[in-house]
Amino acid sequence: MEEKKTIFIKTFGCQQNVADSERVATYYEARGYMPVTQEYEASLVVINSCMIREKAEERVYGYIRNLRKSRGVDALRIVLTGCIVGAAAREPSGKLAKKIARRIPDVELLPIEDVGFEHEPQRGDNSIDGDQGKHAWVVISNGCNNYCAFCIVPFSRGKEISRPIEDVISEVQKLAADGYTSITLLGQNVNSYGSDLVREQKLKNKDDGESSAYLLPSGESIEPVMVKHLNRHRIPTLFPYLLNTVAQIEGIETITFTSSNPWDFSDALIDVIAQNKNIDRMLHLPVQSGSDKILAAMNRWYTSAEYSALIDRIKEKISEVQFITDIIVGFPTETEADFQDTIRLVKKVGFVRSFTACYSERPGTSATGKMEDKISWEEKKRRFHILNELINLRNAGIANDKDWIATRDKHSVR
Ligand code: SF4
């Protein structure tokens with residue numbers, strides 16, 4: 001009797017990986033695999049990997065090692081997909097590909113691009129914080145063109161590719177018809193969504209003129225919003241139009257989007273959020289550092305003052321807005337004075353939550369190639385704890401001002 005083909009998908013990392021795994025499930029279902037809820041019931045385990053930090057990457061190797069120990073080499077087919085596979089294919093030195101071959105030699109590799117967008121996601125229990133209705137992740141773009149000095153995403157996911165605008169809109173319409181009330185639009189940088197679509201259309205039409213109007217298949221013409229990109233040139237984005245259109249779809253009560261870069265968060269986008277009450281007032285706006293020197297070294301194209309001014313502009317138009325951020329501590333050359341700049345900015349903005357990370361080298365990134373990671377792990381942890389207490393613990397009501405001062409003083413003793 002032929003053995004039953006069963007699949008278990010293990011997802012590491014961000015929401016984009018969660019959304020990708022929903023399409024991986026359909027990809028394998030089309031190949032005869034039935035989903036199971038436990039690893040030990042599966043004949044195939046697919047691991048959707050993350051390698052945003054060294055720790056995340058090690059977690060993936062550790063998981064595979066344990067799987068092999070518990071199931072044996074022959075009993076189980078293992079497929080690795082996601083960021084590690086993407087980065088190995090693009091990382092110029094080839095070191096990562098060699099590392100994979102050495103550490104997990106009997107694992108098959110599946111580039112996530114092979115799964116594509118044509119597989120309809122199998123949506124599981126996608127409830128998010130405080131969400132009472134049905135929630136769905138909706139991927140609007142993949143990849144990133146920004147090359148922040150610490151970030152592996154341009155290698156792990158490649159160049160930014162936007163999904164056709166009409167595909168995203170019809171997916172959300174279908175979700176609403178299926179009873180979904182809450183969606184999150186996902187992209188590595190949603191604010192530059194559509195610039196590739198506009199560029200492609202101009203190339204196709206041999207249009208080298210000033211106008212950048214984008215023509216939808218319906219014949220409707222959209223005027224993209226020009227945003228500053230990498231401080232060097234301006235690019236057209238369709239994100240304000242897309243967000244506004246999605247917000248009008250009947251039945252969609254809450255829309256969240258992530259991630260947004262501060263440097264191309266346009267005034268038009270602020271207006272769209274202000275005008276549509278169903279767009280979440282909790283905005284995720286990664287700052288990474290409050291020091292201008294570190295921001296420049298990170299290849300982030302704004303200063304602390306520019307970030308702060310953007311926050312003020314948003315607050316002015318959307319009074320009930322709150323902010324979540326990402327911060328990296330211990331980036332090469334970050335001094336105590338640089339860290340204090342971050343503390344000052346954090347206090348000024350009043351973030352309600354931060355995804356804080358200790359810097360670690362990532363293969364292929366410019367920081368790894370050009371800068372030495374000299375700050376000790378203990379020092380990174382000290383800065384991490386101070387920020388964690390200042391933002392997350394205080395907002396969760398776990399720590400108060402006195403606690404924060406005590407933590408700061410405790411961790412200031414070196
Ligand atoms: S914009 Fe975001 S995803 Fe892109 S390189 Fe910078 S940190 Fe990475």
# chains A, B, ... in the order shown; residues from 1 in each chain; ligands from 1
$ residues_around --residues "segment 247-264 of chain A" --least-positions-apart "6" --cutoff "6 Å" --atoms "only C-alpha atoms" --output "CSV table (one decimal) with C-alpha atoms, in the first residue's frame"
chain,number,residue,atom,x,y,z
A,176,ALA,CA,-14.8,40.4,2.5
A,181,THR,CA,-13.5,41.7,8.6
A,182,SER,CA,-9.8,42.5,9.2
A,183,ILE,CA,-6.8,42.4,6.9
A,184,THR,CA,-3.1,43.3,7.1
A,185,LEU,CA,-1.4,44.4,3.9
A,186,LEU,CA,2.1,43.1,3.9
A,188,GLN,CA,8.9,44.8,3.2
A,189,ASN,CA,8.3,48.4,2.4
A,190,VAL,CA,4.6,49.1,1.6
A,191,ASN,CA,5.3,52.7,0.9
A,227,VAL,CA,8.1,59.8,-2.8
A,228,LYS,CA,11.7,60.5,-1.9
A,278,ASN,CA,-11.2,51.6,9.4
A,279,ILE,CA,-7.4,52.0,8.9
A,280,ASP,CA,-5.6,51.0,12.1
A,285,LEU,CA,7.2,52.9,11.7
$ residues_near_ligand --ligand "ligand 1" --cutoff "7 Å" --atoms "only C-alpha atoms and all ligand atoms" --output "ChimeraX atom specification"
/A:144-148,151-154,188-189,261
$ write_last_selection --atoms "C-alpha atoms" --output "compact mmCIF listing (two decimals), in the first residue's frame"
# COMPACT_ATOMS: atom_id res chain seq x y z
CA CYS A 144 13.23 45.23 -1.06
CA ASN A 145 15.47 47.64 -2.99
CA ASN A 146 16.73 49.61 -0.03
CA TYR A 147 19.83 47.75 1.17
CA CYS A 148 19.90 49.01 4.74
CA CYS A 151 19.52 43.88 6.60
CA ILE A 152 19.57 40.60 4.73
CA VAL A 153 16.11 41.01 3.17
CA PRO A 154 17.32 42.35 -0.23
CA GLN A 188 8.92 44.77 3.19
CA ASN A 189 8.28 48.41 2.42
CA ASN A 261 9.82 53.23 5.82
$ closest_residue --among "A:Ser212, A:Thr335, A:Thr37, A:Ser360" --to "Lys55 of chain A" --atoms "only C-alpha atoms"
A:Ser360
$ select_by_dssp --residues "segment 303-397 of chain A" --states "alpha helix (DSSP H)" --output "PyMOL selection string"
chain A and resi 304-317+336-349+366-370+377-387+394-395
$ write_last_selection --atoms "N, CA and C atoms" --output "compact mmCIF listing (two decimals), in the first residue's frame"
# COMPACT_ATOMS: atom_id res chain seq x y z
N SER A 304 17.24 61.91 12.71
CA SER A 304 16.37 61.79 13.88
C SER A 304 15.32 62.92 13.85
N ALA A 305 15.76 64.14 13.48
CA ALA A 305 14.83 65.28 13.43
C ALA A 305 13.77 65.07 12.34
N GLU A 306 14.18 64.51 11.20
CA GLU A 306 13.20 64.26 10.12
C GLU A 306 12.17 63.21 10.55
N TYR A 307 12.65 62.19 11.26
CA TYR A 307 11.72 61.16 11.75
C TYR A 307 10.72 61.79 12.72
N SER A 308 11.26 62.59 13.61
CA SER A 308 10.43 63.25 14.62
C SER A 308 9.41 64.19 13.96
N ALA A 309 9.84 64.90 12.91
CA ALA A 309 8.93 65.81 12.20
C ALA A 309 7.81 65.02 11.51
N LEU A 310 8.15 63.85 10.98
CA LEU A 310 7.13 63.00 10.35
C LEU A 310 6.10 62.55 11.39
N ILE A 311 6.59 62.16 12.56
CA ILE A 311 5.68 61.76 13.64
C ILE A 311 4.74 62.91 13.97
N ASP A 312 5.30 64.12 14.06
CA ASP A 312 4.47 65.29 14.38
C ASP A 312 3.41 65.54 13.30
N ARG A 313 3.82 65.38 12.03
CA ARG A 313 2.86 65.59 10.92
C ARG A 313 1.73 64.58 11.00
N ILE A 314 2.08 63.34 11.33
CA ILE A 314 1.04 62.30 11.42
C ILE A 314 0.12 62.60 12.61
N LYS A 315 0.73 62.95 13.76
CA LYS A 315 -0.08 63.23 14.96
C LYS A 315 -1.02 64.40 14.73
N GLU A 316 -0.55 65.38 13.98
CA GLU A 316 -1.35 66.58 13.71
C GLU A 316 -2.65 66.22 12.97
N LYS A 317 -2.55 65.28 12.03
CA LYS A 317 -3.74 64.93 11.24
C LYS A 317 -4.53 63.77 11.83
N GLU A 336 27.84 55.24 23.59
CA GLU A 336 26.85 55.53 24.63
C GLU A 336 26.08 56.81 24.25
N ALA A 337 26.79 57.78 23.67
CA ALA A 337 26.13 59.04 23.28
C ALA A 337 25.10 58.77 22.17
N ASP A 338 25.44 57.89 21.23
CA ASP A 338 24.48 57.53 20.17
C ASP A 338 23.26 56.86 20.78
N PHE A 339 23.53 55.98 21.75
CA PHE A 339 22.42 55.27 22.40
C PHE A 339 21.53 56.25 23.15
N GLN A 340 22.15 57.24 23.78
CA GLN A 340 21.35 58.25 24.49
C GLN A 340 20.49 59.06 23.51
N ASP A 341 20.98 59.26 22.28
CA ASP A 341 20.15 59.92 21.26
C ASP A 341 18.90 59.10 20.98
N THR A 342 19.08 57.77 20.95
CA THR A 342 17.92 56.88 20.73
C THR A 342 16.93 57.00 21.89
N ILE A 343 17.47 57.00 23.12
CA ILE A 343 16.61 57.14 24.30
C ILE A 343 15.80 58.44 24.22
N ARG A 344 16.49 59.52 23.83
CA ARG A 344 15.81 60.82 23.75
C ARG A 344 14.67 60.77 22.73
N LEU A 345 14.94 60.16 21.57
CA LEU A 345 13.90 60.10 20.54
C LEU A 345 12.73 59.21 20.99
N VAL A 346 13.08 58.11 21.63
CA VAL A 346 12.04 57.19 22.13
C VAL A 346 11.12 57.92 23.10
N LYS A 347 11.71 58.69 23.99
CA LYS A 347 10.90 59.43 24.98
C LYS A 347 10.04 60.49 24.29
N LYS A 348 10.60 61.12 23.27
CA LYS A 348 9.87 62.19 22.58
C LYS A 348 8.65 61.61 21.84
N VAL A 349 8.86 60.50 21.14
CA VAL A 349 7.77 59.93 20.35
C VAL A 349 6.74 59.25 21.24
N SER A 366 26.18 45.14 3.76
CA SER A 366 27.35 46.02 3.68
C SER A 366 27.98 46.23 5.06
N ALA A 367 27.17 46.20 6.13
CA ALA A 367 27.76 46.37 7.47
C ALA A 367 28.72 45.21 7.77
N THR A 368 28.33 44.01 7.39
CA THR A 368 29.19 42.85 7.65
C THR A 368 30.49 42.96 6.85
N GLY A 369 30.36 43.45 5.62
CA GLY A 369 31.54 43.54 4.77
C GLY A 369 32.49 44.65 5.19
N LYS A 370 31.93 45.77 5.71
CA LYS A 370 32.78 46.95 5.91
C LYS A 370 33.02 47.34 7.36
N TRP A 377 28.51 41.53 23.48
CA TRP A 377 27.14 41.04 23.61
C TRP A 377 26.50 41.57 24.90
N GLU A 378 27.32 41.64 25.96
CA GLU A 378 26.80 42.14 27.25
C GLU A 378 26.33 43.59 27.10
N GLU A 379 27.12 44.38 26.37
CA GLU A 379 26.76 45.78 26.19
C GLU A 379 25.49 45.91 25.33
N LYS A 380 25.40 45.08 24.31
CA LYS A 380 24.18 45.10 23.49
C LYS A 380 22.98 44.74 24.35
N LYS A 381 23.14 43.73 25.18
CA LYS A 381 22.04 43.29 26.05
C LYS A 381 21.64 44.39 27.02
N ARG A 382 22.65 45.09 27.54
CA ARG A 382 22.36 46.19 28.47
C ARG A 382 21.47 47.23 27.79
N ARG A 383 21.85 47.62 26.56
CA ARG A 383 21.05 48.62 25.84
C ARG A 383 19.66 48.06 25.52
N PHE A 384 19.62 46.78 25.16
CA PHE A 384 18.35 46.13 24.85
C PHE A 384 17.40 46.22 26.07
N HIS A 385 17.92 45.85 27.25
CA HIS A 385 17.08 45.83 28.46
C HIS A 385 16.57 47.22 28.80
N ILE A 386 17.42 48.21 28.64
CA ILE A 386 17.00 49.58 28.96
C ILE A 386 15.83 49.98 28.06
N LEU A 387 15.95 49.71 26.77
CA LEU A 387 14.86 50.08 25.85
C LEU A 387 13.61 49.25 26.09
N ARG A 394 6.97 49.21 30.39
CA ARG A 394 6.17 50.32 30.93
C ARG A 394 4.80 50.38 30.29
N ASN A 395 4.75 50.14 28.97
CA ASN A 395 3.45 50.19 28.29
C ASN A 395 2.56 49.01 28.66
$ atom_distance --atom1 "atom CA of Thr333 of chain A" --atom2 "atom CA of Thr356 of chain A"
17.7 Å
$ closest_residue --among "A:Ala268, A:Ala357, A:Ile100, A:Leu238" --to "Pro286 of chain A" --atoms "only C-alpha atoms"
A:Ala357
$ closest_residue --among "A:His284, A:Lys374, A:Lys174, A:Arg65" --to "Phe331 of chain A" --atoms "only C-alpha atoms"
A:Lys374
$ residues_around --residues "Pro363 of chain A" --least-positions-apart "2" --cutoff "12 Å" --atoms "only C-alpha atoms" --output "count of residues only"
34
$ residues_around --residues "segment 104-117 of chain A" --least-positions-apart "6" --cutoff "9 Å" --atoms "only C-alpha atoms" --output "list in words"
Asp20, Arg23, Val24, Tyr27, Asn48, Tyr61, Ile64, Arg65, Val73, Arg77, Ile78, Val79, Leu80, Thr81, Gly82, Cys83, Val85, Gly86, Ala89, Arg157 and Arg163 of chain A
$ write_last_selection --atoms "C-alpha atoms" --output "PDB file, in the first residue's frame"
ATOM      1  CA  ASP A  20       3.963  32.646   2.402  1.00  0.00           C
ATOM      2  CA  ARG A  23       0.517  29.483  -0.128  1.00  0.00           C
ATOM      3  CA  VAL A  24       3.125  26.747   0.441  1.00  0.00           C
ATOM      4  CA  TYR A  27       1.398  24.272  -3.411  1.00  0.00           C
ATOM      5  CA  ASN A  48       9.852  28.263   6.130  1.00  0.00           C
ATOM      6  CA  TYR A  61      19.380  24.548  12.072  1.00  0.00           C
ATOM      7  CA  ILE A  64      16.225  20.428  11.735  1.00  0.00           C
ATOM      8  CA  ARG A  65      18.827  18.728  13.947  1.00  0.00           C
ATOM      9  CA  VAL A  73      17.220  10.396   8.266  1.00  0.00           C
ATOM     10  CA  ARG A  77      11.582  14.187   3.820  1.00  0.00           C
ATOM     11  CA  ILE A  78      12.563  17.717   4.851  1.00  0.00           C
ATOM     12  CA  VAL A  79      12.247  20.761   2.596  1.00  0.00           C
ATOM     13  CA  LEU A  80      13.724  24.135   3.491  1.00  0.00           C
ATOM     14  CA  THR A  81      12.225  27.280   1.991  1.00  0.00           C
ATOM     15  CA  GLY A  82      12.094  30.995   2.829  1.00  0.00           C
ATOM     16  CA  CYS A  83      14.846  33.432   3.686  1.00  0.00           C
ATOM     17  CA  VAL A  85      17.243  29.553   0.682  1.00  0.00           C
ATOM     18  CA  GLY A  86      16.776  32.968  -0.955  1.00  0.00           C
ATOM     19  CA  ALA A  89      21.056  31.892  -3.881  1.00  0.00           C
ATOM     20  CA  ARG A 157      13.856  38.019  -0.852  1.00  0.00           C
ATOM     21  CA  ARG A 163       1.620  42.243  -7.056  1.00  0.00           C
TER      22      ARG A 163
END
